[in-house]
Structure formats: structure tokens, C-alpha cells
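Engineer: Contents of final18.tsv (TSV, C-alpha atoms) are below:
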```
chain	number	residue	atom	x	y	z
A	1	MET	CA	-9.15	-90.02	-13.77
A	2	PRO	CA	-11.94	-87.48	-13.17
A	3	ARG	CA	-11.62	-84.65	-10.72
A	4	VAL	CA	-14.05	-84.33	-7.83
A	5	ALA	CA	-14.60	-81.61	-5.24
A	6	ARG	CA	-14.98	-83.86	-2.20
A	7	ILE	CA	-14.02	-87.35	-1.09
A	8	TYR	CA	-17.07	-89.21	0.15
A	9	THR	CA	-15.66	-91.30	2.96
A	10	ASP	CA	-16.33	-90.95	6.65
A	11	ASP	CA	-13.77	-93.39	8.01
A	12	GLY	CA	-10.31	-91.88	8.46
A	13	ILE	CA	-8.30	-88.94	9.79
A	14	PHE	CA	-9.38	-85.53	8.55
A	15	HIS	CA	-8.19	-81.96	8.81
A	16	VAL	CA	-11.53	-80.17	8.94
A	17	LEU	CA	-11.91	-76.44	8.30
A	18	THR	CA	-15.21	-74.64	8.74
A	19	ARG	CA	-15.64	-70.89	8.19
A	20	GLY	CA	-18.22	-68.21	8.73
A	21	ASN	CA	-19.97	-67.09	5.54
A	22	ASN	CA	-17.93	-64.43	3.73
A	23	LYS	CA	-15.34	-64.84	6.51
A	24	GLN	CA	-17.67	-63.18	9.01
A	25	TRP	CA	-16.96	-63.67	12.69
A	26	ILE	CA	-18.64	-66.68	14.25
A	27	PHE	CA	-17.27	-66.02	17.75
A	28	HIS	CA	-17.54	-62.63	19.45
A	29	ASP	CA	-16.84	-63.32	23.09
A	30	GLU	CA	-15.65	-65.96	25.54
A	31	GLU	CA	-19.15	-67.39	25.89
A	32	ASP	CA	-19.29	-68.14	22.15
A	33	PHE	CA	-15.99	-70.00	22.17
A	34	SER	CA	-17.03	-71.90	25.28
A	35	LYS	CA	-20.35	-72.83	23.69
A	36	TYR	CA	-18.71	-74.27	20.58
A	37	LYS	CA	-16.33	-76.33	22.69
A	38	GLY	CA	-19.23	-77.55	24.81
A	39	ILE	CA	-21.22	-78.56	21.74
A	40	THR	CA	-18.21	-80.41	20.34
A	41	LYS	CA	-17.87	-82.30	23.61
A	42	GLU	CA	-21.58	-83.21	23.54
A	43	VAL	CA	-21.36	-84.50	19.99
A	44	LYS	CA	-18.23	-86.51	20.86
A	45	GLU	CA	-20.29	-88.28	23.49
A	46	GLU	CA	-23.22	-88.85	21.11
A	47	GLN	CA	-21.16	-89.90	18.10
A	48	PRO	CA	-17.72	-90.95	19.43
A	49	PHE	CA	-14.76	-89.67	17.44
A	50	LYS	CA	-11.20	-88.69	18.31
A	51	LEU	CA	-10.16	-85.05	18.35
A	52	TYR	CA	-6.37	-84.87	18.25
A	53	HIS	CA	-5.77	-81.17	17.58
A	54	TYR	CA	-7.95	-78.08	17.21
A	55	CYS	CA	-7.86	-74.29	17.04
A	56	LEU	CA	-10.79	-71.89	17.29
A	57	MET	CA	-10.33	-68.53	15.55
A	58	SER	CA	-12.74	-65.61	15.32
A	59	ASN	CA	-14.12	-66.56	11.92
A	60	HIS	CA	-13.15	-70.20	11.47
A	61	VAL	CA	-12.41	-73.52	13.18
A	62	HIS	CA	-9.68	-76.09	12.52
A	63	MET	CA	-9.97	-79.65	13.83
A	64	LEU	CA	-7.92	-82.77	13.24
A	65	ILE	CA	-10.24	-85.68	13.92
A	66	GLU	CA	-10.46	-89.41	13.42
A	67	THR	CA	-13.78	-91.08	12.70
A	68	ASN	CA	-14.78	-94.71	12.26
A	69	GLU	CA	-17.35	-96.73	10.35
A	70	LYS	CA	-19.98	-95.97	13.02
A	71	THR	CA	-19.30	-92.25	13.33
A	72	HIS	CA	-19.58	-90.38	10.05
A	73	LEU	CA	-17.75	-87.13	9.45
A	74	SER	CA	-20.60	-85.48	7.58
A	75	LYS	CA	-23.13	-86.29	10.29
A	76	LEU	CA	-21.04	-85.14	13.22
A	77	MET	CA	-19.99	-81.88	11.51
A	78	LYS	CA	-23.59	-81.15	10.55
A	79	ARG	CA	-24.62	-81.78	14.17
A	80	ILE	CA	-21.93	-79.51	15.64
A	81	ASN	CA	-22.48	-76.66	13.20
A	82	LEU	CA	-26.27	-76.78	13.35
A	83	LYS	CA	-26.31	-76.75	17.15
A	84	TYR	CA	-23.93	-73.79	17.22
A	85	TYR	CA	-25.89	-71.92	14.56
A	86	ASN	CA	-29.08	-72.30	16.59
A	87	TYR	CA	-27.28	-70.92	19.64
A	88	TYR	CA	-25.83	-68.00	17.65
A	89	LYS	CA	-29.16	-67.21	15.98
A	90	LYS	CA	-30.93	-67.03	19.34
A	91	LYS	CA	-28.22	-64.98	21.06
A	92	TYR	CA	-27.63	-62.43	18.30
A	93	GLY	CA	-30.96	-62.45	16.47
A	94	TYR	CA	-29.14	-63.60	13.36
A	95	ALA	CA	-30.92	-64.58	10.16
A	96	GLY	CA	-29.43	-65.82	6.91
A	97	HIS	CA	-26.60	-68.03	5.66
A	98	PHE	CA	-24.11	-68.55	8.49
A	99	TRP	CA	-21.47	-71.09	7.42
A	100	GLN	CA	-19.39	-70.87	4.25
A	101	ASP	CA	-20.24	-74.11	2.42
A	102	ARG	CA	-20.58	-77.17	4.69
A	103	TYR	CA	-16.94	-77.53	5.68
A	104	LYS	CA	-13.68	-78.45	3.97
A	105	SER	CA	-11.93	-81.70	4.75
A	106	LEU	CA	-8.50	-83.04	3.88
A	107	LEU	CA	-7.85	-86.77	4.30
A	108	VAL	CA	-4.58	-87.10	6.23
A	109	GLU	CA	-2.05	-89.91	6.38
A	110	GLY	CA	-1.73	-90.40	10.12
A	111	GLU	CA	1.68	-92.01	10.34
A	112	SER	CA	3.54	-89.32	8.40
A	113	TYR	CA	1.52	-86.16	8.92
A	114	LEU	CA	-0.73	-86.34	11.98
A	115	LEU	CA	1.63	-84.52	14.33
A	116	SER	CA	2.83	-82.01	11.72
A	117	CYS	CA	-0.72	-81.20	10.67
A	118	GLY	CA	-1.70	-80.75	14.32
A	119	ILE	CA	1.08	-78.25	14.92
A	120	TYR	CA	0.14	-76.43	11.73
A	121	ILE	CA	-3.40	-76.07	13.09
A	122	GLU	CA	-2.20	-74.78	16.45
A	123	ARG	CA	0.13	-72.19	14.87
A	124	ASN	CA	-2.81	-70.25	13.42
A	125	PRO	CA	-2.80	-67.51	16.10
A	126	LEU	CA	0.92	-66.91	15.47
A	127	ARG	CA	0.45	-66.66	11.71
A	128	ALA	CA	-2.42	-64.23	12.30
A	129	ARG	CA	-0.18	-62.25	14.72
A	130	MET	CA	-2.81	-62.49	17.42
A	131	VAL	CA	-0.28	-63.55	20.05
A	132	LYS	CA	3.47	-63.54	20.47
A	133	SER	CA	3.49	-66.88	22.25
A	134	LEU	CA	1.13	-69.79	21.73
A	135	ARG	CA	0.98	-70.24	25.49
A	136	GLU	CA	-1.14	-67.07	25.56
A	137	TYR	CA	-3.80	-68.64	23.33
A	138	LYS	CA	-6.32	-70.70	25.27
A	139	LEU	CA	-8.50	-71.80	22.36
A	140	SER	CA	-6.38	-74.55	20.87
A	141	SER	CA	-4.86	-77.88	21.82
A	142	TYR	CA	-1.32	-76.47	21.85
A	143	ARG	CA	-1.09	-75.95	25.61
A	144	TYR	CA	-2.18	-79.56	26.19
A	145	TYR	CA	0.83	-80.87	24.27
A	146	ALA	CA	3.42	-78.18	25.01
A	147	TYR	CA	2.62	-77.52	28.69
A	148	GLY	CA	0.61	-80.50	29.87
A	149	MET	CA	-2.50	-78.44	30.61
A	150	GLU	CA	-5.74	-80.39	30.86
A	151	ASP	CA	-8.13	-80.25	27.92
A	152	GLU	CA	-11.18	-82.49	28.02
A	153	LEU	CA	-11.67	-82.20	24.27
A	154	VAL	CA	-8.31	-83.66	23.28
A	155	ASP	CA	-7.50	-87.28	22.52
A	156	ARG	CA	-3.72	-87.57	22.67
A	157	ASP	CA	-2.02	-87.77	19.30
A	158	GLN	CA	-0.52	-91.26	19.23
A	159	TYR	CA	2.66	-89.97	17.58
A	160	TYR	CA	3.31	-87.48	20.39
A	161	LYS	CA	4.87	-90.34	22.38
A	162	GLU	CA	7.64	-90.62	19.80
A	163	LEU	CA	8.98	-87.16	20.72
A	164	GLY	CA	10.71	-88.46	23.85
A	165	ARG	CA	10.91	-91.04	26.60
A	166	ASN	CA	8.77	-89.03	29.04
A	167	ASP	CA	6.27	-86.17	29.00
A	168	ASN	CA	8.77	-83.51	30.11
A	169	ILE	CA	11.00	-84.26	27.13
A	170	ARG	CA	7.97	-84.48	24.82
A	171	LYS	CA	6.63	-81.10	25.96
A	172	GLN	CA	10.00	-79.44	25.41
A	173	ARG	CA	10.42	-81.06	22.00
A	174	TYR	CA	6.92	-80.04	21.00
A	175	LYS	CA	7.69	-76.40	21.80
A	176	GLU	CA	10.85	-76.58	19.70
A	177	LEU	CA	9.25	-78.05	16.59
A	178	LEU	CA	9.50	-75.88	13.47
A	179	LEU	CA	7.67	-77.16	10.41
A	180	GLY	CA	9.50	-75.35	7.60
A	181	GLU	CA	8.80	-77.09	4.30
A	182	GLU	CA	6.09	-79.28	5.81
A	183	GLU	CA	4.10	-76.23	6.91
A	184	ARG	CA	4.13	-74.88	3.35
A	185	LYS	CA	3.15	-78.29	2.01
A	186	ILE	CA	0.17	-78.50	4.38
A	187	LYS	CA	-0.95	-74.97	3.49
A	188	GLN	CA	-0.79	-75.81	-0.22
A	189	ALA	CA	-2.71	-79.04	0.35
A	190	LEU	CA	-5.49	-77.13	2.12
A	191	LYS	CA	-5.81	-74.78	-0.84
A	192	GLY	CA	-6.26	-77.29	-3.59
A	193	GLN	CA	-5.89	-80.96	-2.67
A	194	LEU	CA	-7.89	-83.87	-1.32
A	195	PHE	CA	-5.19	-85.84	0.49
A	196	LEU	CA	-2.20	-85.03	2.69
A	197	GLY	CA	0.56	-87.59	3.03
A	198	THR	CA	3.50	-89.27	1.35
A	199	GLU	CA	3.52	-89.88	-2.41
A	200	LYS	CA	2.79	-93.55	-1.73
A	201	PHE	CA	-0.26	-92.69	0.40
A	202	ILE	CA	-1.58	-90.17	-2.13
A	203	GLY	CA	-1.16	-92.66	-4.96
A	204	ARG	CA	-3.04	-95.30	-3.00
A	205	MET	CA	-5.89	-92.87	-2.23
A	206	GLU	CA	-6.12	-91.72	-5.86
A	207	LYS	CA	-6.48	-95.32	-6.94
A	208	ALA	CA	-8.97	-96.17	-4.19
A	209	PHE	CA	-11.27	-93.22	-4.95
A	210	ASN	CA	-10.56	-92.99	-8.71
A	211	VAL	CA	-9.61	-89.30	-8.51
A	212	ILE	CA	-6.53	-87.13	-8.79
A	213	ASN	CA	-5.31	-85.19	-5.78
A	214	THR	CA	-6.78	-81.86	-6.90
A	215	ARG	CA	-10.02	-80.10	-6.04
A	216	LEU	CA	-12.27	-78.52	-8.61
A	217	LYS	CA	-11.50	-74.81	-8.62
A	218	LYS	CA	-14.81	-73.65	-10.05
A	219	GLY	CA	-17.00	-72.27	-7.31
A	220	ARG	CA	-14.49	-73.11	-4.58
A	221	PRO	CA	-13.27	-70.11	-2.57
A	222	ARG	CA	-9.54	-69.99	-1.92
A	223	ILE	CA	-8.12	-70.49	1.58
A	224	LYS	CA	-5.71	-67.78	2.64
```
Write the structure described by the file as C-alpha cells, please.
Structural biologist:
Amino acid sequence: MPRVARIYTDDGIFHVLTRGNNKQWIFHDEEDFSKYKGITKEVKEEQPFKLYHYCLMSNHVHMLIETNEKTHLSKLMKRINLKYYNYYKKKYGYAGHFWQDRYKSLLVEGESYLLSCGIYIERNPLRARMVKSLREYKLSSYRYYAYGMEDELVDRDQYYKELGRNDNIRKQRYKELLLGEEERKIKQALKGQLFLGTEKFIGRMEKAFNVINTRLKKGRPRIK
């Protein structure tokens, strides 16, 4: 089966990663972060999609989203990133290439990996040693799940309910979760794969799209 660099489907659950060109900062202050969140909320209202988990970092954005046949991933990401670029260009007098590629997307098997992938996304500030506790970081969905704090961007992960019989137990369990091998598997998938899920799911996706679960390396910058 031939290798391809991107899966052309807009209906599914995706881990989306978008970076500043050459890893440059895309957010410099609180206003910038707030603007990106506001734009995302606007686009959600224009082109409804579900945002289960997210994390905004200084030079990149992670989102775990679910689209449908009426809301295409490529269109909504183009809308979000173009609107933010226009804001950034006006505020900072910026000219030139702003985003690194369009974005990267990993098709995720919801049942097995939605919650794990969400926690992986939210752990970014810890891996970057920006904070000692994720409760300190206000720019992700972690505090919504772990502490019950309101977040108008978040659509509750449907598998969160399985962590316990009530929200107090779920919040405590969420704080205790350690990914171990699954975290390494997700990181590896982001570097060079098209799908994240069980072997059965990956096999089904390879057959459906007539590809193997590997990205083309030529011209594709590595994710670190």
C-alpha cells in the first residue's frame, strides 16, 4: 500500500497540532492567548465541532476535536488560524510566513485513546517544565476535568464518566492518572503516524484509506 503524508477525511476525532513557523512564538501575552481562545469559540459557533481537550503553549497549540460530515477539519482549522494570523499581523506589524505548514492531525480511536490522548495534551506544560503543578496552568482543559473549573471551550470527554460514579471521584482519579507506556506511544504516533488506536482500529483505517500507518518523512519536520 502506498504511503501518504495526510489522511483526507474531515469526519472523526483528531489530535490537531499547529505550530509557529520555525517554532517561533505565536503568543506573547495574556491578550494573545485570550484572542486565540475567543476565535476558537467563534468558529465553534459558526462551524459546530466538539473540543474535548486542548493546551495552548507559547509556540504551538494542541487540540483534541471531533468533527462531523457538515463541519470539515480543514475548513475550521483554516478559519481559526487565518483569523488569528490577521489579529497577530495587525497587533505586531508582522509580515511573512506565520504557521509551520497547515497543521498536523492524527486520527484517534475514541473508545480506546480519547481520554489518554487528552491527558497527554494537557501534560505539555509539565513536560516543558513550565509549571510544577498543572493546576497552575490556565491555558488548557486540565483544570476543567481535574478541578471542575468552568471552561466554555470544552465539550466533556464522554469517557470521563467512566472514571467514577460521581464528579468528585472522577476529578480525583483524573489527577492520579499516569500514562506510562501510553504516553510514549502517543508521542511516537505524533512523530510519524497517521492513526492512534488499537491494532484492530489501525488495521481498519489502513484498509479504509489504502495506506500504511506511517507518514512520509521527506520534507516533514520532526516533532520534539
Engineer: Could you work out how far atom CA of A:Glu162 lies from atom CA of A:Ile121, giving the answer in Å with one decimal?
Structural biologist: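 Pair atom CA of A:Ile121 / atom CA of A:Glu162 returns 19.5 Å.
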Engineer: Using atom CA of A:Ala146 and atom CA of A:Lys171 as the two end points, give the distance in Å to one decimal.
Structural biologist: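 One can read the atom CA of A:Ala146 to atom CA of A:Lys171 distance as 4.4 Å.
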Engineer: Mind dumping a table of every stretch 6-31 of chain A residue within 6 Å of stretch 59-67 of chain A, with the nearest atom pair and its distance in Å to one decimal, using all atoms listed in the file, sorted by chain and rising number, as JSON lines?
Structural biologist:
```
{"residue": "A:Asp11", "atom": "CA", "partner": "A:Thr67", "partner_atom": "CA", "distance": 5.2}
{"residue": "A:Gly12", "atom": "CA", "partner": "A:Thr67", "partner_atom": "CA", "distance": 5.5}
{"residue": "A:Ile13", "atom": "CA", "partner": "A:Glu66", "partner_atom": "CA", "distance": 4.3}
{"residue": "A:Phe14", "atom": "CA", "partner": "A:Ile65", "partner_atom": "CA", "distance": 5.4}
{"residue": "A:His15", "atom": "CA", "partner": "A:Leu64", "partner_atom": "CA", "distance": 4.5}
{"residue": "A:Val16", "atom": "CA", "partner": "A:Met63", "partner_atom": "CA", "distance": 5.2}
{"residue": "A:Leu17", "atom": "CA", "partner": "A:His62", "partner_atom": "CA", "distance": 4.8}
{"residue": "A:Thr18", "atom": "CA", "partner": "A:Val61", "partner_atom": "CA", "distance": 5.4}
{"residue": "A:Arg19", "atom": "CA", "partner": "A:His60", "partner_atom": "CA", "distance": 4.2}
{"residue": "A:Gly20", "atom": "CA", "partner": "A:Asn59", "partner_atom": "CA", "distance": 5.5}
{"residue": "A:Lys23", "atom": "CA", "partner": "A:Asn59", "partner_atom": "CA", "distance": 5.8}
{"residue": "A:Gln24", "atom": "CA", "partner": "A:Asn59", "partner_atom": "CA", "distance": 5.7}
{"residue": "A:Trp25", "atom": "CA", "partner": "A:Asn59", "partner_atom": "CA", "distance": 4.1}
{"residue": "A:Ile26", "atom": "CA", "partner": "A:Asn59", "partner_atom": "CA", "distance": 5.1}
```
Engineer: Which residue is closest to A:Tyr174? Choose from A:Glu69, A:Glu30, A:Asp157, A:Asp151 and count only C-alpha atoms.
Structural biologist: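 Closest to A:Tyr174, using only C-alpha atoms: A:Asp157.
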Engineer: Between A:Lys50, A:Tyr103, A:Gly38, A:Tyr120, which is the closest to A:Lys83 once you count all atoms listed in the file?
Structural biologist: A:Gly38
Engineer: Rounded to one decimal, what separation in Å do you get between atom CA of A:Gly164 and atom CA of A:Cys117?
Structural biologist: 18.9 Å
Engineer: Let me make sure I understand: among A:Asn124, A:Asn21, A:Gln172, A:Gln47, which one has the smallest atom-to-atom distance to A:Ser141 if we use all atoms listed in the file?
Structural biologist: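 Of A:Asn124, A:Asn21, A:Gln172, A:Gln47, the one nearest A:Ser141, counting all atoms listed in the file, is A:Asn124.
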Engineer: Pick out the residues sitting within 12 Å of A:Lys161, and hand them over as a PyMOL selection string; count all atoms listed in the file, and ignore anything fewer than 5 positions along from it in its own chain.
Structural biologist: chain A and resi 115+145+156+166-171+173-174
